[in-house]
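Asks: So that we are looking at the same thing, I have put the structure below in C-alpha cells.
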Amino acid sequence: MKEFISDFNKLVKLRLTLTVVFSASISFLVGATQQGDIIWLNWLILTIGGFFVTGSANGFNEIIERDLDKLMKRTADRPLPAGRMTTGQALVLSVFMGIFGTLLLVRLNFLAGLLSVFSIILYAFVYTPLKQKSPIAVFVGAFPGALPPLIGYYAAFKSAGFGFEYAAVSEAAIVITPWVLFLIQFFWQFPHFWAIAWVADEDYKNAGFRLLPSTRKDKVSAWMIFISALLMIPVSFLPLHYGFGGYVFTAVSLLGGLLFSFYGYKHLVHMTDVTAKKVMFTSFIYLPLTQLVLLFDFIPLK
C-alpha cells in the first residue's frame, strides 16, 4: 500500500498538482469574495475536483512519455518507466480521475468543468507531443498552465448554462478579473519553464525535448529568459489598473517582477546553471506569494 501511494504521487506529479490546486483554490476564494459569499463546501469540492483533473492530465502525460522518461535521470524512477505500474493501470487511474474531477467541477459551474476538460486535452494531447518537435511547446503549454485561476474563479459562481445566476455581479467581475489572473499566470510560465529547461537541458536532450527558445543554452535563449522576466514588471500593474488589486499587492508583485528582472539580467550576463536556478527559484516563490497577497488585498469590482 505504501508503495502504491508513493507511485500514485509520482504518477500525478504531486508537487506540481498541489501547486495547480493552490492556484485554483485561491482564485475560487477571490471569486467568492467578489460575490460576498464563501461557501467552504464548494471550496473543498473544487480542491478535490481540481486535484483529480490535474492528476489525470499528468497521468496521461506520463503514459505518453513512458519510454522517454526512461532516458532522463529526473524521471527514470516514475512508476511506468521503472516498471512498477502498467500502462493499463495508469490509464484506468487517469481516466477515472479525469471523469470524477470533471463531474465535481461541473457540479459547481458548467464553464469550470468545460475548461477542465479543455485543459486535460491541451496539456496531455497537444503540449506533450510538441515537446519533442518544437520550442513552441512552451507557448502552447502556457495555456493549460494558466487555466487554473479561470477554473477556480468561475467555480465560485453558480451557473445557468454558460451564464451566471448572480445577475447582480458586473460583467467586469465575470470577464476582467479572471482573465487578468489568467494573464499573470500565463506570462509567469515563460521565465519559470525556460529557467527549468536551461537547468535540465542535458537531461531533456536525452529524451529529445526541445524546450529552450533556440533549443540551445545560448545567448538567444538567455535573452528570451531575461525579456520574459522583464515582462513580469508591467504584468504586476494589471490588477491595480483594472481596479481589483490594492497597493499592497501591487508593491509585492512589483518587487517580484524586479527580482525576476534582476536575476534574468544576471543570467543574461553569466549564462550559467546557477543564474538560471535563481530565476527558477524566484518563480517558485512569486506565484503563490502574489496570489495569497491578492486574496487579502482584493477589491471587488462593482
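Chain labels run A, B, ... following the order of the C-alpha cells; each chain numbers its residues from 1, and ligands are numbered from 1 in the order shown.
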At a cut-off of 12 Å, using only C-alpha atoms, what residues contact Arg84 (chain A)? Leave out same-chain residues fewer than 3 positions from it and give the result as a PyMOL selection string.
Replies: chain A and resi 3-8+10-11+66+76-81+87-90
Asks: Can you pull out every residue within 8 Å of region 282-299 of chain A, counting only C-alpha atoms, but drop anything in the same chain fewer than 6 positions away, and send it as a PDB file with C-alpha atoms, in the first residue's frame?
Replies:
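Listing of out25.pdb after writing:
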```pdb
ATOM      1  CA  PHE A  22      -3.427  26.024  -4.738  1.00  0.00           C
ATOM      2  CA  SER A  23      -3.713  28.477  -7.637  1.00  0.00           C
ATOM      3  CA  ILE A  26      -7.054  30.941  -4.155  1.00  0.00           C
ATOM      4  CA  SER A  27      -8.856  32.133  -7.289  1.00  0.00           C
ATOM      5  CA  LEU A  29     -11.745  32.477  -2.784  1.00  0.00           C
ATOM      6  CA  VAL A  30     -11.178  35.649  -4.820  1.00  0.00           C
ATOM      7  CA  GLN A  34     -16.269  39.201  -5.290  1.00  0.00           C
ATOM      8  CA  GLN A 185      -0.077  33.063 -14.673  1.00  0.00           C
ATOM      9  CA  TRP A 188       4.838  33.840 -15.375  1.00  0.00           C
ATOM     10  CA  PRO A 191      10.705  32.606 -17.176  1.00  0.00           C
ATOM     11  CA  HIS A 192       9.629  29.669 -14.999  1.00  0.00           C
ATOM     12  CA  GLY A 243      -9.297  48.243 -10.097  1.00  0.00           C
ATOM     13  CA  PHE A 244      -9.341  44.938  -8.226  1.00  0.00           C
ATOM     14  CA  GLY A 245      -5.776  44.868  -6.869  1.00  0.00           C
ATOM     15  CA  GLY A 246      -4.707  47.103  -3.991  1.00  0.00           C
ATOM     16  CA  TYR A 247      -1.422  48.913  -3.423  1.00  0.00           C
ATOM     17  CA  VAL A 248      -0.030  46.194  -1.142  1.00  0.00           C
ATOM     18  CA  PHE A 249      -0.491  43.587  -3.841  1.00  0.00           C
ATOM     19  CA  VAL A 252       4.686  42.920  -3.615  1.00  0.00           C
ATOM     20  CA  SER A 253       4.085  41.977  -7.251  1.00  0.00           C
ATOM     21  CA  GLY A 256       8.736  40.185  -7.507  1.00  0.00           C
ATOM     22  CA  LEU A 259      13.646  40.420  -8.670  1.00  0.00           C
ATOM     23  CA  PHE A 260      12.742  38.376 -11.755  1.00  0.00           C
TER      24      PHE A 260
END
```
Asks: To one decimal place, how far is CA of Ser221 (chain A) from CA of Leu147 (chain A) in Å?
Replies: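 Result for CA of Ser221 (chain A) versus CA of Leu147 (chain A): 25.7 Å, one decimal.
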Asks: Would you tabulate, counting only C-alpha atoms, all residues of region 60-140 of chain A that have an atom at most 9 Å from an atom of region 42-52 of chain A, showing the closest pair of atoms and their distance in Å to one decimal, sorted by chain then ascending number, as JSON lines?
Replies:
```
{"residue": "A:Ser94", "atom": "CA", "partner": "A:Phe52", "partner_atom": "CA", "distance": 8.4}
{"residue": "A:Phe96", "atom": "CA", "partner": "A:Phe52", "partner_atom": "CA", "distance": 8.6}
{"residue": "A:Met97", "atom": "CA", "partner": "A:Phe52", "partner_atom": "CA", "distance": 4.8}
{"residue": "A:Gly98", "atom": "CA", "partner": "A:Phe52", "partner_atom": "CA", "distance": 6.2}
{"residue": "A:Ile99", "atom": "CA", "partner": "A:Phe52", "partner_atom": "CA", "distance": 8.6}
{"residue": "A:Phe100", "atom": "CA", "partner": "A:Phe52", "partner_atom": "CA", "distance": 7.1}
{"residue": "A:Gly101", "atom": "CA", "partner": "A:Gly49", "partner_atom": "CA", "distance": 4.0}
{"residue": "A:Thr102", "atom": "CA", "partner": "A:Gly49", "partner_atom": "CA", "distance": 6.5}
{"residue": "A:Leu103", "atom": "CA", "partner": "A:Gly49", "partner_atom": "CA", "distance": 7.8}
{"residue": "A:Leu104", "atom": "CA", "partner": "A:Gly49", "partner_atom": "CA", "distance": 5.3}
{"residue": "A:Leu105", "atom": "CA", "partner": "A:Gly49", "partner_atom": "CA", "distance": 5.8}
{"residue": "A:Arg107", "atom": "CA", "partner": "A:Ile45", "partner_atom": "CA", "distance": 8.9}
{"residue": "A:Leu108", "atom": "CA", "partner": "A:Asn42", "partner_atom": "CA", "distance": 7.0}
{"residue": "A:Ser116", "atom": "CA", "partner": "A:Gly50", "partner_atom": "CA", "distance": 8.1}
```
Asks: With N, CA and C atoms kept, could you save the residues just selected as a PDB file, in the first residue's frame?
Replies:
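Contents of the output file part_36.pdb:
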```pdb
ATOM      1  N   SER A  94      -6.017   7.356 -14.639  1.00  0.00           N
ATOM      2  CA  SER A  94      -6.095   8.691 -15.264  1.00  0.00           C
ATOM      3  C   SER A  94      -7.493   8.993 -15.798  1.00  0.00           C
ATOM      4  N   PHE A  96     -10.333   7.602 -14.768  1.00  0.00           N
ATOM      5  CA  PHE A  96     -11.207   7.748 -13.606  1.00  0.00           C
ATOM      6  C   PHE A  96     -11.048   9.134 -12.985  1.00  0.00           C
ATOM      7  N   MET A  97      -9.798   9.556 -12.780  1.00  0.00           N
ATOM      8  CA  MET A  97      -9.563  10.872 -12.175  1.00  0.00           C
ATOM      9  C   MET A  97     -10.126  11.994 -13.041  1.00  0.00           C
ATOM     10  N   GLY A  98      -9.948  11.870 -14.360  1.00  0.00           N
ATOM     11  CA  GLY A  98     -10.447  12.905 -15.268  1.00  0.00           C
ATOM     12  C   GLY A  98     -11.964  13.020 -15.219  1.00  0.00           C
ATOM     13  N   ILE A  99     -12.655  11.873 -15.256  1.00  0.00           N
ATOM     14  CA  ILE A  99     -14.128  11.873 -15.239  1.00  0.00           C
ATOM     15  C   ILE A  99     -14.653  12.364 -13.897  1.00  0.00           C
ATOM     16  N   PHE A 100     -14.103  11.816 -12.812  1.00  0.00           N
ATOM     17  CA  PHE A 100     -14.568  12.167 -11.471  1.00  0.00           C
ATOM     18  C   PHE A 100     -14.312  13.645 -11.169  1.00  0.00           C
ATOM     19  N   GLY A 101     -13.117  14.102 -11.495  1.00  0.00           N
ATOM     20  CA  GLY A 101     -12.769  15.502 -11.235  1.00  0.00           C
ATOM     21  C   GLY A 101     -13.632  16.456 -12.037  1.00  0.00           C
ATOM     22  N   THR A 102     -13.866  16.130 -13.303  1.00  0.00           N
ATOM     23  CA  THR A 102     -14.694  16.992 -14.155  1.00  0.00           C
ATOM     24  C   THR A 102     -16.135  17.034 -13.665  1.00  0.00           C
ATOM     25  N   LEU A 103     -16.671  15.891 -13.247  1.00  0.00           N
ATOM     26  CA  LEU A 103     -18.046  15.848 -12.729  1.00  0.00           C
ATOM     27  C   LEU A 103     -18.191  16.719 -11.481  1.00  0.00           C
ATOM     28  N   LEU A 104     -17.176  16.712 -10.637  1.00  0.00           N
ATOM     29  CA  LEU A 104     -17.210  17.552  -9.445  1.00  0.00           C
ATOM     30  C   LEU A 104     -17.212  19.035  -9.822  1.00  0.00           C
ATOM     31  N   LEU A 105     -16.385  19.398 -10.787  1.00  0.00           N
ATOM     32  CA  LEU A 105     -16.295  20.807 -11.189  1.00  0.00           C
ATOM     33  C   LEU A 105     -17.552  21.259 -11.924  1.00  0.00           C
ATOM     34  N   ARG A 107     -20.441  20.202 -11.338  1.00  0.00           N
ATOM     35  CA  ARG A 107     -21.446  20.364 -10.282  1.00  0.00           C
ATOM     36  C   ARG A 107     -21.413  21.794  -9.724  1.00  0.00           C
ATOM     37  N   LEU A 108     -20.216  22.385  -9.695  1.00  0.00           N
ATOM     38  CA  LEU A 108     -20.090  23.750  -9.197  1.00  0.00           C
ATOM     39  C   LEU A 108     -20.453  24.769 -10.267  1.00  0.00           C
ATOM     40  N   SER A 116     -11.909  22.546 -17.562  1.00  0.00           N
ATOM     41  CA  SER A 116     -11.069  21.460 -17.038  1.00  0.00           C
ATOM     42  C   SER A 116     -10.838  20.385 -18.096  1.00  0.00           C
TER      43      SER A 116
END
```
Asks: Rounded to one decimal place, report the CA of Ala195 (chain A)-CA of Val279 (chain A) distance in Å.
Replies: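 One can read the CA of Ala195 (chain A) to CA of Val279 (chain A) distance as 6.2 Å.
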Asks: I'd like the contact shell of Val20 (chain A) - 9 Å cut-off, only C-alpha atoms, skipping same-chain residues fewer than 5 positions apart - returned as a PDB file with all heavy atoms, in the first residue's frame.
Replies:
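Resulting contents of result.pdb:
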```pdb
ATOM      1  N   ARG A  15       3.696  17.372  -6.323  1.00  0.00           N
ATOM      2  CA  ARG A  15       4.052  18.766  -6.035  1.00  0.00           C
ATOM      3  C   ARG A  15       3.484  19.726  -7.079  1.00  0.00           C
ATOM      4  O   ARG A  15       2.966  20.797  -6.745  1.00  0.00           O
ATOM      5  CB  ARG A  15       5.572  18.917  -5.945  1.00  0.00           C
ATOM      6  CG  ARG A  15       6.147  18.459  -4.603  1.00  0.00           C
ATOM      7  CD  ARG A  15       7.633  18.702  -4.526  1.00  0.00           C
ATOM      8  NE  ARG A  15       8.374  17.856  -5.458  1.00  0.00           N
ATOM      9  CZ  ARG A  15       9.703  17.839  -5.566  1.00  0.00           C
ATOM     10  NH1 ARG A  15      10.436  18.632  -4.799  1.00  0.00           N
ATOM     11  NH2 ARG A  15      10.299  17.044  -6.427  1.00  0.00           N
ATOM     12  N   SER A  25      -7.622  27.192  -6.001  1.00  0.00           N
ATOM     13  CA  SER A  25      -8.373  27.405  -4.757  1.00  0.00           C
ATOM     14  C   SER A  25      -8.310  28.855  -4.296  1.00  0.00           C
ATOM     15  O   SER A  25      -9.295  29.396  -3.788  1.00  0.00           O
ATOM     16  CB  SER A  25      -7.850  26.476  -3.658  1.00  0.00           C
ATOM     17  OG  SER A  25      -6.521  26.787  -3.310  1.00  0.00           O
ATOM     18  N   GLY A  50     -10.221  19.683  -8.632  1.00  0.00           N
ATOM     19  CA  GLY A  50      -9.024  20.206  -9.288  1.00  0.00           C
ATOM     20  C   GLY A  50      -7.846  19.261  -9.164  1.00  0.00           C
ATOM     21  O   GLY A  50      -7.062  19.093 -10.104  1.00  0.00           O
ATOM     22  N   PHE A  51      -7.734  18.605  -7.997  1.00  0.00           N
ATOM     23  CA  PHE A  51      -6.657  17.633  -7.796  1.00  0.00           C
ATOM     24  C   PHE A  51      -6.781  16.477  -8.789  1.00  0.00           C
ATOM     25  O   PHE A  51      -5.796  16.081  -9.433  1.00  0.00           O
ATOM     26  CB  PHE A  51      -6.694  17.097  -6.360  1.00  0.00           C
ATOM     27  CG  PHE A  51      -5.628  16.074  -6.074  1.00  0.00           C
ATOM     28  CD1 PHE A  51      -4.395  16.460  -5.585  1.00  0.00           C
ATOM     29  CD2 PHE A  51      -5.867  14.713  -6.299  1.00  0.00           C
ATOM     30  CE1 PHE A  51      -3.402  15.516  -5.328  1.00  0.00           C
ATOM     31  CE2 PHE A  51      -4.880  13.767  -6.055  1.00  0.00           C
ATOM     32  CZ  PHE A  51      -3.636  14.167  -5.563  1.00  0.00           C
ATOM     33  N   THR A  54      -6.135  17.656 -12.529  1.00  0.00           N
ATOM     34  CA  THR A  54      -4.707  17.875 -12.763  1.00  0.00           C
ATOM     35  C   THR A  54      -3.940  16.558 -12.731  1.00  0.00           C
ATOM     36  O   THR A  54      -3.056  16.313 -13.559  1.00  0.00           O
ATOM     37  CB  THR A  54      -4.126  18.827 -11.697  1.00  0.00           C
ATOM     38  OG1 THR A  54      -4.934  20.003 -11.628  1.00  0.00           O
ATOM     39  CG2 THR A  54      -2.700  19.218 -12.036  1.00  0.00           C
ATOM     40  N   GLY A 145      -1.617  25.689 -18.560  1.00  0.00           N
ATOM     41  CA  GLY A 145      -0.970  26.031 -17.305  1.00  0.00           C
ATOM     42  C   GLY A 145      -1.555  27.258 -16.636  1.00  0.00           C
ATOM     43  O   GLY A 145      -1.419  27.437 -15.417  1.00  0.00           O
ATOM     44  N   PRO A 148      -5.953  27.199 -14.397  1.00  0.00           N
ATOM     45  CA  PRO A 148      -6.435  27.028 -13.017  1.00  0.00           C
ATOM     46  C   PRO A 148      -7.078  28.270 -12.387  1.00  0.00           C
ATOM     47  O   PRO A 148      -8.114  28.132 -11.719  1.00  0.00           O
ATOM     48  CB  PRO A 148      -5.171  26.597 -12.263  1.00  0.00           C
ATOM     49  CG  PRO A 148      -4.390  25.855 -13.284  1.00  0.00           C
ATOM     50  CD  PRO A 148      -4.614  26.603 -14.566  1.00  0.00           C
ATOM     51  N   PRO A 149      -6.533  29.488 -12.560  1.00  0.00           N
ATOM     52  CA  PRO A 149      -7.219  30.658 -11.998  1.00  0.00           C
ATOM     53  C   PRO A 149      -8.613  30.862 -12.589  1.00  0.00           C
ATOM     54  O   PRO A 149      -9.545  31.252 -11.876  1.00  0.00           O
ATOM     55  CB  PRO A 149      -6.295  31.831 -12.363  1.00  0.00           C
ATOM     56  CG  PRO A 149      -4.966  31.217 -12.560  1.00  0.00           C
ATOM     57  CD  PRO A 149      -5.231  29.865 -13.154  1.00  0.00           C
TER      58      PRO A 149
END
```
Asks: So, counting only C-alpha atoms, which residue among A:Glu65, A:Glu202, A:Asp37, A:Asp273 is closest to Arg216 (chain A)?
Replies: A:Glu202
Asks: Please determine, counting only C-alpha atoms, which residue among A:Ile136, A:Leu231, A:Ile39, A:Leu240 has the shortest atom-to-atom distance to Phe157 (chain A).
Replies: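 Smallest distance to Phe157 (chain A) is found for A:Ile39.
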Asks: In Å, how far is it from CA of Phe182 (chain A) to CA of Ala32 (chain A)?
Replies: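 Between these atoms lies a distance of 16.9 Å.
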Asks: Of the candidates A:Phe193, A:Phe60, A:Phe226, A:Tyr242, which shows the shortest atom-to-atom distance to Leu212 (chain A), using only C-alpha atoms?
Replies: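 Going through A:Phe193, A:Phe60, A:Phe226, A:Tyr242 one by one, the smallest distance to Leu212 (chain A) is for A:Phe193.
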Asks: Name the closest residue to Asn109 (chain A) among the candidates A:Leu183, A:Val92, A:Val138, A:Ile151; distances are taken between atoms, counting only C-alpha atoms.
Replies: A:Ile151
Asks: Please return, as a PDB file with all heavy atoms, in the first residue's frame, all residues of region 35-177 of chain A that DSSP assigns to strand (DSSP E or B) on the basis of the backbone.
Replies:
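Contents of states_2.pdb, as written:
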```pdb
ATOM      1  N   SER A 159     -23.793  28.538 -11.966  1.00  0.00           N
ATOM      2  CA  SER A 159     -24.001  28.772 -13.390  1.00  0.00           C
ATOM      3  C   SER A 159     -25.408  28.429 -13.826  1.00  0.00           C
ATOM      4  O   SER A 159     -26.095  27.608 -13.230  1.00  0.00           O
ATOM      5  CB  SER A 159     -23.006  27.944 -14.207  1.00  0.00           C
ATOM      6  OG  SER A 159     -23.219  26.563 -14.002  1.00  0.00           O
ATOM      7  N   ALA A 160     -25.819  29.104 -14.894  1.00  0.00           N
ATOM      8  CA  ALA A 160     -27.073  28.774 -15.574  1.00  0.00           C
ATOM      9  C   ALA A 160     -26.680  28.537 -17.030  1.00  0.00           C
ATOM     10  O   ALA A 160     -26.657  29.457 -17.837  1.00  0.00           O
ATOM     11  CB  ALA A 160     -28.058  29.913 -15.446  1.00  0.00           C
ATOM     12  N   GLY A 163     -24.109  30.907 -18.674  1.00  0.00           N
ATOM     13  CA  GLY A 163     -24.222  32.170 -17.955  1.00  0.00           C
ATOM     14  C   GLY A 163     -24.060  31.980 -16.466  1.00  0.00           C
ATOM     15  O   GLY A 163     -23.649  30.932 -15.984  1.00  0.00           O
ATOM     16  N   PHE A 164     -24.388  33.026 -15.724  1.00  0.00           N
ATOM     17  CA  PHE A 164     -24.233  33.007 -14.281  1.00  0.00           C
ATOM     18  C   PHE A 164     -25.523  33.451 -13.617  1.00  0.00           C
ATOM     19  O   PHE A 164     -26.192  34.381 -14.076  1.00  0.00           O
ATOM     20  CB  PHE A 164     -23.079  33.923 -13.855  1.00  0.00           C
ATOM     21  CG  PHE A 164     -21.745  33.484 -14.387  1.00  0.00           C
ATOM     22  CD1 PHE A 164     -21.303  33.918 -15.633  1.00  0.00           C
ATOM     23  CD2 PHE A 164     -20.953  32.618 -13.676  1.00  0.00           C
ATOM     24  CE1 PHE A 164     -20.091  33.501 -16.135  1.00  0.00           C
ATOM     25  CE2 PHE A 164     -19.732  32.189 -14.173  1.00  0.00           C
ATOM     26  CZ  PHE A 164     -19.300  32.636 -15.400  1.00  0.00           C
TER      27      PHE A 164
END
```
Asks: Give me the residues near Thr275 (chain A) as a count of residues only, where near means some atom within 10 Å (using only C-alpha atoms) and where sequence neighbours in that chain fewer than 3 positions away do not count.
Replies: 16
Asks: Apply DSSP to the structure's backbone, then extract all residues of region 98-211 of chain A labelled alpha helix (DSSP H) and return them as a ChimeraX atom specification.
Replies: /A:98-108,110-122,128-130,136-145,147-155,171-199,201-206
Asks: Go ahead and write the residues just picked, C-alpha atoms, as a PDB file, in the first residue's frame.
Replies:
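Saved as part24.pdb:
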```
ATOM      1  CA  GLY A  98     -10.447  12.905 -15.268  1.00  0.00           C
ATOM      2  CA  ILE A  99     -14.128  11.873 -15.239  1.00  0.00           C
ATOM      3  CA  PHE A 100     -14.568  12.167 -11.471  1.00  0.00           C
ATOM      4  CA  GLY A 101     -12.769  15.502 -11.235  1.00  0.00           C
ATOM      5  CA  THR A 102     -14.694  16.992 -14.155  1.00  0.00           C
ATOM      6  CA  LEU A 103     -18.046  15.848 -12.729  1.00  0.00           C
ATOM      7  CA  LEU A 104     -17.210  17.552  -9.445  1.00  0.00           C
ATOM      8  CA  LEU A 105     -16.295  20.807 -11.189  1.00  0.00           C
ATOM      9  CA  VAL A 106     -19.370  20.709 -13.447  1.00  0.00           C
ATOM     10  CA  ARG A 107     -21.446  20.364 -10.282  1.00  0.00           C
ATOM     11  CA  LEU A 108     -20.090  23.750  -9.197  1.00  0.00           C
ATOM     12  CA  PHE A 110     -20.555  24.241 -16.083  1.00  0.00           C
ATOM     13  CA  LEU A 111     -17.900  26.570 -17.511  1.00  0.00           C
ATOM     14  CA  ALA A 112     -15.361  25.460 -14.901  1.00  0.00           C
ATOM     15  CA  GLY A 113     -15.992  21.826 -15.868  1.00  0.00           C
ATOM     16  CA  LEU A 114     -15.691  22.617 -19.568  1.00  0.00           C
ATOM     17  CA  LEU A 115     -12.389  24.424 -19.034  1.00  0.00           C
ATOM     18  CA  SER A 116     -11.069  21.460 -17.038  1.00  0.00           C
ATOM     19  CA  VAL A 117     -11.726  19.080 -19.955  1.00  0.00           C
ATOM     20  CA  PHE A 118     -10.057  21.547 -22.324  1.00  0.00           C
ATOM     21  CA  SER A 119      -7.017  21.763 -20.012  1.00  0.00           C
ATOM     22  CA  ILE A 120      -6.596  17.956 -19.967  1.00  0.00           C
ATOM     23  CA  ILE A 121      -6.804  17.709 -23.769  1.00  0.00           C
ATOM     24  CA  LEU A 122      -4.475  20.653 -24.403  1.00  0.00           C
ATOM     25  CA  THR A 128       3.058  16.732 -24.561  1.00  0.00           C
ATOM     26  CA  PRO A 129       3.720  15.550 -28.169  1.00  0.00           C
ATOM     27  CA  LEU A 130       5.005  19.027 -29.120  1.00  0.00           C
ATOM     28  CA  ILE A 136       6.681  26.409 -29.301  1.00  0.00           C
ATOM     29  CA  ALA A 137       5.541  23.679 -26.897  1.00  0.00           C
ATOM     30  CA  VAL A 138       6.263  26.070 -24.001  1.00  0.00           C
ATOM     31  CA  PHE A 139       3.913  28.665 -25.526  1.00  0.00           C
ATOM     32  CA  VAL A 140       1.200  26.052 -26.110  1.00  0.00           C
ATOM     33  CA  GLY A 141       1.666  24.586 -22.633  1.00  0.00           C
ATOM     34  CA  ALA A 142       1.290  28.027 -21.070  1.00  0.00           C
ATOM     35  CA  PHE A 143      -2.435  27.992 -21.965  1.00  0.00           C
ATOM     36  CA  PRO A 144      -3.488  24.941 -19.919  1.00  0.00           C
ATOM     37  CA  GLY A 145      -0.970  26.031 -17.305  1.00  0.00           C
ATOM     38  CA  LEU A 147      -6.320  27.879 -16.769  1.00  0.00           C
ATOM     39  CA  PRO A 148      -6.435  27.028 -13.017  1.00  0.00           C
ATOM     40  CA  PRO A 149      -7.219  30.658 -11.998  1.00  0.00           C
ATOM     41  CA  LEU A 150     -10.078  30.731 -14.527  1.00  0.00           C
ATOM     42  CA  ILE A 151     -11.432  27.372 -13.371  1.00  0.00           C
ATOM     43  CA  GLY A 152     -11.174  28.312  -9.705  1.00  0.00           C
ATOM     44  CA  TYR A 153     -12.703  31.757 -10.129  1.00  0.00           C
ATOM     45  CA  TYR A 154     -15.674  30.573 -12.178  1.00  0.00           C
ATOM     46  CA  ALA A 155     -16.255  27.625  -9.824  1.00  0.00           C
ATOM     47  CA  GLU A 171     -19.723  41.949 -16.379  1.00  0.00           C
ATOM     48  CA  ALA A 172     -16.297  43.308 -15.430  1.00  0.00           C
ATOM     49  CA  ALA A 173     -16.181  40.951 -12.454  1.00  0.00           C
ATOM     50  CA  ILE A 174     -17.018  37.992 -14.692  1.00  0.00           C
ATOM     51  CA  VAL A 175     -14.631  38.921 -17.512  1.00  0.00           C
ATOM     52  CA  ILE A 176     -11.802  41.212 -16.385  1.00  0.00           C
ATOM     53  CA  THR A 177     -10.756  39.734 -13.031  1.00  0.00           C
ATOM     54  CA  PRO A 178     -10.426  36.062 -14.083  1.00  0.00           C
ATOM     55  CA  TRP A 179      -8.755  36.876 -17.394  1.00  0.00           C
ATOM     56  CA  VAL A 180      -6.201  39.139 -15.730  1.00  0.00           C
ATOM     57  CA  LEU A 181      -5.450  36.295 -13.293  1.00  0.00           C
ATOM     58  CA  PHE A 182      -5.092  34.061 -16.339  1.00  0.00           C
ATOM     59  CA  LEU A 183      -2.657  36.508 -17.993  1.00  0.00           C
ATOM     60  CA  ILE A 184      -0.481  36.830 -14.892  1.00  0.00           C
ATOM     61  CA  GLN A 185      -0.077  33.063 -14.673  1.00  0.00           C
ATOM     62  CA  PHE A 186       0.368  32.815 -18.452  1.00  0.00           C
ATOM     63  CA  PHE A 187       3.307  35.258 -18.568  1.00  0.00           C
ATOM     64  CA  TRP A 188       4.838  33.840 -15.375  1.00  0.00           C
ATOM     65  CA  GLN A 189       5.294  30.459 -17.028  1.00  0.00           C
ATOM     66  CA  PHE A 190       7.893  31.645 -19.565  1.00  0.00           C
ATOM     67  CA  PRO A 191      10.705  32.606 -17.176  1.00  0.00           C
ATOM     68  CA  HIS A 192       9.629  29.669 -14.999  1.00  0.00           C
ATOM     69  CA  PHE A 193       9.777  26.959 -17.678  1.00  0.00           C
ATOM     70  CA  TRP A 194      12.697  28.366 -19.646  1.00  0.00           C
ATOM     71  CA  ALA A 195      14.799  28.567 -16.463  1.00  0.00           C
ATOM     72  CA  ILE A 196      13.914  24.938 -15.680  1.00  0.00           C
ATOM     73  CA  ALA A 197      14.685  23.973 -19.301  1.00  0.00           C
ATOM     74  CA  TRP A 198      18.108  25.631 -19.020  1.00  0.00           C
ATOM     75  CA  VAL A 199      18.988  23.790 -15.810  1.00  0.00           C
ATOM     76  CA  ASP A 201      18.843  20.882 -20.674  1.00  0.00           C
ATOM     77  CA  GLU A 202      21.160  17.859 -20.792  1.00  0.00           C
ATOM     78  CA  ASP A 203      18.528  15.586 -19.280  1.00  0.00           C
ATOM     79  CA  TYR A 204      15.871  16.920 -21.656  1.00  0.00           C
ATOM     80  CA  LYS A 205      18.146  16.382 -24.657  1.00  0.00           C
ATOM     81  CA  ASN A 206      18.451  12.693 -23.748  1.00  0.00           C
TER      82      ASN A 206
END
```
Asks: Quick one: of A:Val95, A:Leu14, A:Ala200, A:Val220, who's nearest to Ala276 (chain A), counting only C-alpha atoms?
Replies: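 Under the stated criterion, the closest residue is A:Ala200.
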